[in-house]
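Q: You'll find entry_23.cif just under this line, and it carries mmCIF, C-alpha atoms.
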data_entry
#
loop_
_atom_site.label_atom_id
_atom_site.label_comp_id
_atom_site.auth_asym_id
_atom_site.auth_seq_id
_atom_site.Cartn_x
_atom_site.Cartn_y
_atom_site.Cartn_z
CA GLU A 329 -67.36 -40.17 59.60
CA SER A 330 -66.61 -37.05 61.65
CA GLN A 331 -62.89 -37.49 61.03
CA PHE A 332 -63.62 -37.77 57.31
CA LYS A 333 -65.67 -34.55 57.29
CA GLU A 334 -62.99 -32.75 59.32
CA LEU A 335 -60.28 -33.77 56.84
CA LEU A 336 -62.38 -32.66 53.88
CA SER A 337 -62.96 -29.27 55.50
CA ARG A 338 -59.24 -28.44 55.49
CA LYS A 339 -58.13 -26.21 52.65
CA GLY A 340 -55.06 -24.65 51.07
CA LYS A 341 -52.39 -23.38 53.43
CA GLU A 342 -53.97 -25.04 56.47
CA LEU A 343 -53.68 -28.44 54.79
CA SER A 344 -50.17 -27.92 53.36
CA ARG A 345 -48.92 -26.68 56.74
CA LEU A 346 -49.82 -30.09 58.22
CA GLY A 347 -47.41 -31.89 55.94
CA PRO A 348 -47.59 -34.73 53.43
CA GLY A 349 -49.91 -37.64 54.14
CA ILE A 350 -51.91 -35.75 56.76
CA ALA A 351 -55.06 -35.71 54.65
CA THR A 352 -55.27 -39.47 54.28
CA LEU A 353 -57.74 -41.49 56.25
CA PRO A 354 -56.66 -44.47 58.34
CA LEU A 355 -56.34 -47.59 56.22
CA ASP A 356 -57.93 -50.95 56.89
CA PRO A 357 -55.07 -53.15 58.21
CA SER A 358 -56.31 -56.07 56.12
CA SER A 359 -56.15 -54.10 52.85
CA ASP A 360 -53.47 -54.41 50.18
CA GLU A 361 -53.01 -50.63 50.36
CA TYR A 362 -52.18 -50.85 54.07
CA GLN A 363 -49.69 -53.67 53.44
CA SER A 364 -47.98 -51.70 50.66
CA GLU A 365 -47.79 -48.51 52.70
CA ASN A 366 -46.51 -50.47 55.71
CA GLU A 367 -43.78 -52.14 53.63
CA LEU A 368 -42.74 -48.76 52.23
CA ALA A 369 -42.67 -47.18 55.70
CA GLN A 370 -40.51 -50.05 57.06
CA LYS A 371 -38.02 -49.71 54.21
CA GLU A 372 -37.86 -45.92 54.65
CA LEU A 373 -37.24 -46.37 58.38
CA ALA A 374 -34.52 -48.92 57.68
CA LEU A 375 -32.92 -46.53 55.18
CA GLN A 376 -32.94 -43.72 57.74
CA LYS A 377 -31.19 -46.00 60.25
CA VAL A 378 -28.52 -46.87 57.67
CA ILE A 379 -28.07 -43.17 56.86
CA ASP A 380 -27.64 -42.42 60.56
CA GLU A 381 -25.14 -45.29 60.82
CA ALA A 382 -23.21 -43.89 57.82
CA LYS A 383 -23.08 -40.45 59.44
CA ILE A 384 -21.69 -41.91 62.67
CA ALA A 385 -19.18 -44.08 60.80
CA GLY A 386 -18.12 -41.06 58.74
CA LYS A 387 -17.18 -39.18 61.90
CA GLU A 388 -15.04 -42.02 63.25
CA GLU A 389 -11.34 -41.89 62.64
CA TRP A 390 -10.05 -44.38 60.15
CA ASP A 391 -7.62 -47.00 61.34
CA GLU A 392 -4.52 -45.93 59.44
CA GLY A 393 -3.01 -49.34 60.06
CA ASP A 394 -5.92 -51.02 58.26
CA LEU A 395 -7.41 -48.57 55.77
CA GLU A 396 -8.89 -51.45 53.79
CA LYS A 397 -11.02 -52.50 56.77
CA SER A 398 -12.25 -48.93 57.33
CA SER A 399 -13.00 -48.51 53.65
CA LEU A 400 -14.83 -51.85 53.54
CA LYS A 401 -17.01 -50.82 56.50
CA GLN A 402 -18.02 -47.58 54.74
CA SER A 403 -18.64 -49.45 51.49
CA GLU A 404 -20.89 -52.00 53.21
CA ILE A 405 -22.97 -49.26 54.82
CA LEU A 406 -23.32 -47.36 51.54
CA SER A 407 -24.17 -50.57 49.70
CA ARG A 408 -27.01 -51.31 52.17
CA ALA A 409 -28.29 -47.75 51.76
CA SER A 410 -28.16 -48.04 47.98
CA GLN A 411 -30.03 -51.37 48.05
CA LEU A 412 -32.76 -49.98 50.31
CA GLN A 413 -33.10 -46.87 48.14
CA SER A 414 -33.46 -49.10 45.05
CA GLU A 415 -36.19 -51.13 46.78
CA ILE A 416 -38.03 -47.95 47.81
CA ASN A 417 -37.76 -46.58 44.27
CA ALA A 418 -39.15 -49.85 42.88
CA LEU A 419 -42.13 -49.65 45.23
CA HIS A 420 -42.83 -46.09 44.06
CA VAL A 421 -42.53 -47.13 40.40
CA ASP A 422 -44.88 -50.07 41.03
CA ASP A 423 -47.40 -47.67 42.61
CA CYS A 424 -47.18 -45.26 39.68
CA GLY A 425 -47.51 -48.06 37.14
CA SER A 426 -50.54 -49.47 38.93
CA VAL A 427 -52.21 -46.06 38.99
CA LEU A 428 -51.52 -45.52 35.29
CA LEU A 429 -52.93 -48.93 34.37
CA ALA A 430 -56.02 -48.35 36.53
CA ASN A 431 -56.53 -44.92 34.94
CA LEU A 432 -56.21 -46.42 31.47
CA ALA A 433 -58.76 -49.14 32.25
CA PHE A 434 -61.14 -46.64 33.81
CA TYR A 435 -61.03 -44.20 30.90
CA GLU A 436 -61.35 -47.01 28.35
CA ALA A 437 -64.52 -48.13 30.16
CA PHE A 438 -65.64 -44.49 30.39
CA SER A 439 -65.16 -43.92 26.66
CA MET A 440 -67.22 -47.03 25.96
CA GLN A 441 -69.91 -45.85 28.43
CA ASP A 442 -69.36 -49.07 30.42
CA ALA A 443 -70.48 -48.24 33.98
CA GLU A 444 -69.78 -51.77 35.22
CA GLY A 445 -66.25 -51.64 33.78
CA MET A 446 -65.67 -48.31 35.55
CA ARG A 447 -66.91 -49.81 38.85
CA GLU A 448 -64.60 -52.81 38.46
CA VAL A 449 -61.44 -50.72 38.27
CA TRP A 450 -62.45 -48.00 40.78
CA TRP A 451 -60.40 -48.32 43.96
CA SER A 452 -62.71 -48.74 46.94
CA SER A 453 -60.88 -47.58 50.03
CA PRO A 454 -61.37 -45.09 52.88
CA SER A 455 -58.52 -43.06 51.35
CA VAL A 456 -60.40 -42.63 48.07
CA VAL A 457 -63.11 -40.00 47.89
#
Mind turning the file's structure into structure tokens?

A:
Amino acid sequence: ESQFKELLSRKGKELSRLGPGIATLPLDPSSDEYQSENELAQKELALQKVIDEAKIAGKEEWDEGDLEKSSLKQSEILSRASQLQSEINALHVDDCGSVLLANLAFYEAFSMQDAEGMREVWWSSPSVV
């Protein structure tokens, strides 16, 4: 509770100076939200490793005797990076779509003055105020 109050007390420049994600509360490891965020973080870490690998491979001299092999190595690295980026993008799109559908359901219930319907679609999580 004290951590929650401390996070809520941060404002403006102080909060933005801390960087993205700093204002979120710890997630329950058994929650779907935690699993989704964990999957996204793992894919982003894997992508960063592939990017680092591509940078190293890009600095290596190409084997002029076997340019096809050197080109294939670069292509494989870039293909892995592209695949990971596509998976990350899909996770973000899924998140956005889920939020839009939840918003739609909430406001439909709101417009019908259906308190139970609003409760059903409200996300209950430590990260939601």

Q: What does the distance from CA of Asp360 (chain A) to CA of Phe438 (chain A) come to in Å, to one decimal?

A: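 Interatomic distance, CA of Asp360 (chain A) to CA of Phe438 (chain A): 25.3 Å.
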
Q: Starting from the displayed file, determine the output of the PyMOL selection byres ((chain A and resi 380-386) around 12) and express the residue list as a PDB file with C-alpha atoms, keeping the file's coordinate frame.

A:
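Output file part01.pdb is given in full below:
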ATOM      1  CA  LEU A 373     -37.240 -46.370  58.380  1.00  0.00           C
ATOM      2  CA  ALA A 374     -34.520 -48.920  57.680  1.00  0.00           C
ATOM      3  CA  LEU A 375     -32.920 -46.530  55.180  1.00  0.00           C
ATOM      4  CA  GLN A 376     -32.940 -43.720  57.740  1.00  0.00           C
ATOM      5  CA  LYS A 377     -31.190 -46.000  60.250  1.00  0.00           C
ATOM      6  CA  VAL A 378     -28.520 -46.870  57.670  1.00  0.00           C
ATOM      7  CA  ILE A 379     -28.070 -43.170  56.860  1.00  0.00           C
ATOM      8  CA  LYS A 387     -17.180 -39.180  61.900  1.00  0.00           C
ATOM      9  CA  GLU A 388     -15.040 -42.020  63.250  1.00  0.00           C
ATOM     10  CA  GLU A 389     -11.340 -41.890  62.640  1.00  0.00           C
ATOM     11  CA  TRP A 390     -10.050 -44.380  60.150  1.00  0.00           C
ATOM     12  CA  ASP A 391      -7.620 -47.000  61.340  1.00  0.00           C
ATOM     13  CA  SER A 398     -12.250 -48.930  57.330  1.00  0.00           C
ATOM     14  CA  SER A 399     -13.000 -48.510  53.650  1.00  0.00           C
ATOM     15  CA  LEU A 400     -14.830 -51.850  53.540  1.00  0.00           C
ATOM     16  CA  LYS A 401     -17.010 -50.820  56.500  1.00  0.00           C
ATOM     17  CA  GLN A 402     -18.020 -47.580  54.740  1.00  0.00           C
ATOM     18  CA  SER A 403     -18.640 -49.450  51.490  1.00  0.00           C
ATOM     19  CA  GLU A 404     -20.890 -52.000  53.210  1.00  0.00           C
ATOM     20  CA  ILE A 405     -22.970 -49.260  54.820  1.00  0.00           C
ATOM     21  CA  LEU A 406     -23.320 -47.360  51.540  1.00  0.00           C
ATOM     22  CA  SER A 407     -24.170 -50.570  49.700  1.00  0.00           C
ATOM     23  CA  ARG A 408     -27.010 -51.310  52.170  1.00  0.00           C
ATOM     24  CA  ALA A 409     -28.290 -47.750  51.760  1.00  0.00           C
ATOM     25  CA  SER A 410     -28.160 -48.040  47.980  1.00  0.00           C
TER      26      SER A 410
END

Q: Spell out the residues picked by the PyMOL selection byres ((chain A and resi 423-427) around 12) here, as a PyMOL selection string.

A: chain A and resi 360-361+364-365+368+416-422+428-434+449-451

Q: Could you state the separation of CA of Asp356 (chain A) and CA of Tyr435 (chain A) in Å, given to one decimal place?

A: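 Separation of CA of Asp356 (chain A) and CA of Tyr435 (chain A): 27.0 Å.
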
Q: What is the CA of Gly445 (chain A) to CA of Gln363 (chain A) distance in Å?

A: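 Between these atoms lies a distance of 25.8 Å.
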
Q: What are the centre and edge lengths in Å, to one decimal, of the axis-aligned box around all listed atoms of region 360-369 of chain A with 8 Å added on each side, as JSON?

A:
{"center_x": -48.1, "center_y": -50.8, "center_z": 52.9, "size_x": 26.8, "size_y": 23.2, "size_z": 21.5}

Q: Could region 356-371 of chain A be completed with N, CA, C and O atoms and returned as a compact mmCIF listing (two decimals), in the coordinates of the input?

A:
# COMPACT_ATOMS: atom_id res chain seq x y z
N ASP A 356 -57.53 -49.67 56.33
CA ASP A 356 -57.93 -50.95 56.89
C ASP A 356 -56.69 -51.85 56.93
O ASP A 356 -56.09 -52.11 55.88
N PRO A 357 -56.29 -52.33 58.12
CA PRO A 357 -55.07 -53.15 58.21
C PRO A 357 -55.09 -54.42 57.36
O PRO A 357 -54.03 -54.98 57.07
N SER A 358 -56.25 -54.86 56.95
CA SER A 358 -56.31 -56.07 56.12
C SER A 358 -56.23 -55.76 54.63
O SER A 358 -56.20 -56.67 53.81
N SER A 359 -56.15 -54.47 54.27
CA SER A 359 -56.15 -54.10 52.85
C SER A 359 -54.76 -54.20 52.24
O SER A 359 -53.74 -54.09 52.92
N ASP A 360 -54.73 -54.39 50.92
CA ASP A 360 -53.47 -54.41 50.18
C ASP A 360 -52.77 -53.05 50.28
O ASP A 360 -51.55 -52.98 50.36
N GLU A 361 -53.56 -51.98 50.27
CA GLU A 361 -53.01 -50.63 50.36
C GLU A 361 -52.25 -50.45 51.68
O GLU A 361 -51.14 -49.91 51.70
N TYR A 362 -52.84 -50.94 52.77
CA TYR A 362 -52.18 -50.85 54.07
C TYR A 362 -50.86 -51.64 54.05
O TYR A 362 -49.84 -51.14 54.53
N GLN A 363 -50.90 -52.84 53.49
CA GLN A 363 -49.69 -53.67 53.44
C GLN A 363 -48.59 -52.98 52.63
O GLN A 363 -47.43 -52.97 53.04
N SER A 364 -48.97 -52.40 51.49
CA SER A 364 -47.98 -51.70 50.66
C SER A 364 -47.39 -50.49 51.37
O SER A 364 -46.17 -50.27 51.35
N GLU A 365 -48.26 -49.69 51.98
CA GLU A 365 -47.79 -48.51 52.70
C GLU A 365 -46.92 -48.91 53.90
O GLU A 365 -45.93 -48.25 54.20
N ASN A 366 -47.28 -49.99 54.56
CA ASN A 366 -46.51 -50.47 55.71
C ASN A 366 -45.12 -50.94 55.26
O ASN A 366 -44.12 -50.62 55.90
N GLU A 367 -45.07 -51.67 54.16
CA GLU A 367 -43.78 -52.14 53.63
C GLU A 367 -42.90 -50.95 53.26
O GLU A 367 -41.71 -50.92 53.58
N LEU A 368 -43.49 -49.96 52.61
CA LEU A 368 -42.74 -48.76 52.23
C LEU A 368 -42.22 -48.03 53.47
O LEU A 368 -41.05 -47.64 53.52
N ALA A 369 -43.08 -47.88 54.47
CA ALA A 369 -42.67 -47.18 55.70
C ALA A 369 -41.53 -47.93 56.40
O ALA A 369 -40.59 -47.30 56.91
N GLN A 370 -41.58 -49.26 56.42
CA GLN A 370 -40.51 -50.05 57.06
C GLN A 370 -39.19 -49.87 56.32
O GLN A 370 -38.14 -49.73 56.94
N LYS A 371 -39.25 -49.88 55.00
CA LYS A 371 -38.02 -49.71 54.21
C LYS A 371 -37.45 -48.29 54.39
O LYS A 371 -36.25 -48.11 54.49
